[in-house]
Amino acid sequence: MLRIADGPGQAAHMALQSHMPDFEDALQYALATLAGADCLVTRNPSDFPKRGKVPVLTPEEFLKSQPA
């Protein structure tokens with residue numbers, strides 16, 4: 001099931017504290033973490049932490065991981 005995360009102030013604070021070079025990527029990752037997301041899907045996985053709390057998948061990886 002797809003769920004869209006809200007944008008609470010806590011996510012902005014986490015993003016600023018993350019030391020990720022791109023604030024928008026940091027905000028997306030913080031929102032996924034706060035929402036308890038199973039994964040974050042992006043075409044640019046190298047912009048995100050390799051071993052974070054939320055797995056980061058390419059669209060292809062995500063589709064392959066879904067049951068048929």
# chains A, B, ... in the order shown; residues from 1 in each chain; ligands from 1
$ select_by_dssp --residues "chain A" --states "alpha helix (DSSP H)" --output "list in words"
Gly9, Gln10, Ala11, Ala12, His13, Met14, Ala15, Leu16, Gln17, Phe23, Glu24, Asp25, Ala26, Leu27, Gln28, Tyr29, Ala30, Leu31, Ala32, Thr33, Leu34, Ala35, Pro59, Glu60, Glu61, Phe62, Leu63, Lys64 and Ser65 of chain A
$ write_last_selection --atoms "N, CA and C atoms" --output "CSV table (one decimal), in the first residue's frame"
chain,number,residue,atom,x,y,z
A,9,GLY,N,7.4,19.5,11.4
A,9,GLY,CA,8.7,20.3,11.7
A,9,GLY,C,9.8,19.4,12.1
A,10,GLN,N,9.5,18.3,12.8
A,10,GLN,CA,10.5,17.3,13.2
A,10,GLN,C,11.3,16.8,12.0
A,11,ALA,N,10.7,16.6,10.9
A,11,ALA,CA,11.4,16.1,9.7
A,11,ALA,C,12.4,17.2,9.2
A,12,ALA,N,12.0,18.4,9.2
A,12,ALA,CA,12.9,19.5,8.8
A,12,ALA,C,14.1,19.6,9.7
A,13,HIS,N,13.9,19.4,11.0
A,13,HIS,CA,15.0,19.5,12.0
A,13,HIS,C,15.9,18.3,11.7
A,14,MET,N,15.3,17.1,11.6
A,14,MET,CA,16.2,15.9,11.3
A,14,MET,C,17.0,16.1,10.0
A,15,ALA,N,16.3,16.7,9.0
A,15,ALA,CA,17.0,16.9,7.7
A,15,ALA,C,18.2,17.8,7.9
A,16,LEU,N,18.0,18.9,8.6
A,16,LEU,CA,19.1,19.8,8.9
A,16,LEU,C,20.2,19.2,9.6
A,17,GLN,N,19.9,18.3,10.5
A,17,GLN,CA,20.9,17.7,11.4
A,17,GLN,C,21.6,16.5,10.7
A,23,PHE,N,19.4,19.2,0.8
A,23,PHE,CA,18.3,19.3,1.8
A,23,PHE,C,17.1,18.6,1.4
A,24,GLU,N,16.7,18.6,0.1
A,24,GLU,CA,15.5,18.0,-0.3
A,24,GLU,C,15.6,16.4,-0.1
A,25,ASP,N,16.7,15.9,-0.4
A,25,ASP,CA,16.9,14.4,-0.2
A,25,ASP,C,16.9,14.1,1.3
A,26,ALA,N,17.5,15.0,2.1
A,26,ALA,CA,17.5,14.8,3.5
A,26,ALA,C,16.1,14.8,4.1
A,27,LEU,N,15.3,15.7,3.6
A,27,LEU,CA,13.9,15.9,4.0
A,27,LEU,C,13.1,14.6,3.6
A,28,GLN,N,13.3,14.2,2.4
A,28,GLN,CA,12.6,13.0,2.0
A,28,GLN,C,12.9,11.8,2.9
A,29,TYR,N,14.2,11.6,3.2
A,29,TYR,CA,14.7,10.5,4.0
A,29,TYR,C,14.2,10.7,5.4
A,30,ALA,N,14.2,11.9,6.0
A,30,ALA,CA,13.6,12.1,7.3
A,30,ALA,C,12.2,11.8,7.4
A,31,LEU,N,11.4,12.2,6.4
A,31,LEU,CA,10.0,11.9,6.3
A,31,LEU,C,9.7,10.4,6.3
A,32,ALA,N,10.5,9.7,5.4
A,32,ALA,CA,10.4,8.2,5.3
A,32,ALA,C,10.7,7.6,6.7
A,33,THR,N,11.7,8.0,7.4
A,33,THR,CA,12.0,7.5,8.7
A,33,THR,C,10.9,7.7,9.7
A,34,LEU,N,10.4,8.9,9.8
A,34,LEU,CA,9.4,9.3,10.7
A,34,LEU,C,8.1,8.5,10.4
A,35,ALA,N,7.8,8.3,9.2
A,35,ALA,CA,6.6,7.6,8.8
A,35,ALA,C,6.7,6.1,9.0
A,59,PRO,N,13.4,2.3,-8.6
A,59,PRO,CA,12.1,1.8,-9.0
A,59,PRO,C,12.1,0.4,-9.5
A,60,GLU,N,13.2,0.0,-10.2
A,60,GLU,CA,13.3,-1.4,-10.7
A,60,GLU,C,13.4,-2.4,-9.5
A,61,GLU,N,14.3,-2.0,-8.5
A,61,GLU,CA,14.4,-2.9,-7.3
A,61,GLU,C,13.1,-3.0,-6.6
A,62,PHE,N,12.4,-1.9,-6.5
A,62,PHE,CA,11.1,-1.9,-5.8
A,62,PHE,C,10.1,-2.8,-6.5
A,63,LEU,N,10.0,-2.7,-7.8
A,63,LEU,CA,9.0,-3.5,-8.5
A,63,LEU,C,9.4,-5.0,-8.5
A,64,LYS,N,10.7,-5.3,-8.5
A,64,LYS,CA,11.1,-6.7,-8.4
A,64,LYS,C,10.8,-7.3,-7.0
A,65,SER,N,10.8,-6.4,-6.0
A,65,SER,CA,10.5,-6.9,-4.6
A,65,SER,C,9.0,-7.2,-4.3
$ select_by_dssp --residues "chain A" --states "strand (DSSP E)" --output "PyMOL selection string"
chain A and resi 40-41+56-57
$ write_last_selection --atoms "N, CA and C atoms" --output "mmCIF file, in the first residue's frame"
data_model
loop_
_atom_site.group_PDB
_atom_site.id
_atom_site.type_symbol
_atom_site.label_atom_id
_atom_site.label_comp_id
_atom_site.auth_asym_id
_atom_site.auth_seq_id
_atom_site.Cartn_x
_atom_site.Cartn_y
_atom_site.Cartn_z
ATOM 1 N N LEU A 40 12.270 3.678 0.653
ATOM 2 C CA LEU A 40 12.186 4.936 -0.080
ATOM 3 C C LEU A 40 12.598 4.610 -1.511
ATOM 4 N N VAL A 41 11.762 4.988 -2.476
ATOM 5 C CA VAL A 41 12.027 4.668 -3.879
ATOM 6 C C VAL A 41 12.516 5.924 -4.592
ATOM 7 N N VAL A 56 16.763 2.109 0.754
ATOM 8 C CA VAL A 56 16.558 2.974 -0.409
ATOM 9 C C VAL A 56 16.673 2.097 -1.658
ATOM 10 N N LEU A 57 15.606 2.089 -2.465
ATOM 11 C CA LEU A 57 15.532 1.238 -3.647
ATOM 12 C C LEU A 57 15.332 2.062 -4.907
#
$ closest_residue --among "A:Thr42, A:Ala37, A:Asp22, A:Pro67" --to "Val54 (chain A)" --atoms "only C-alpha atoms"
A:Ala37
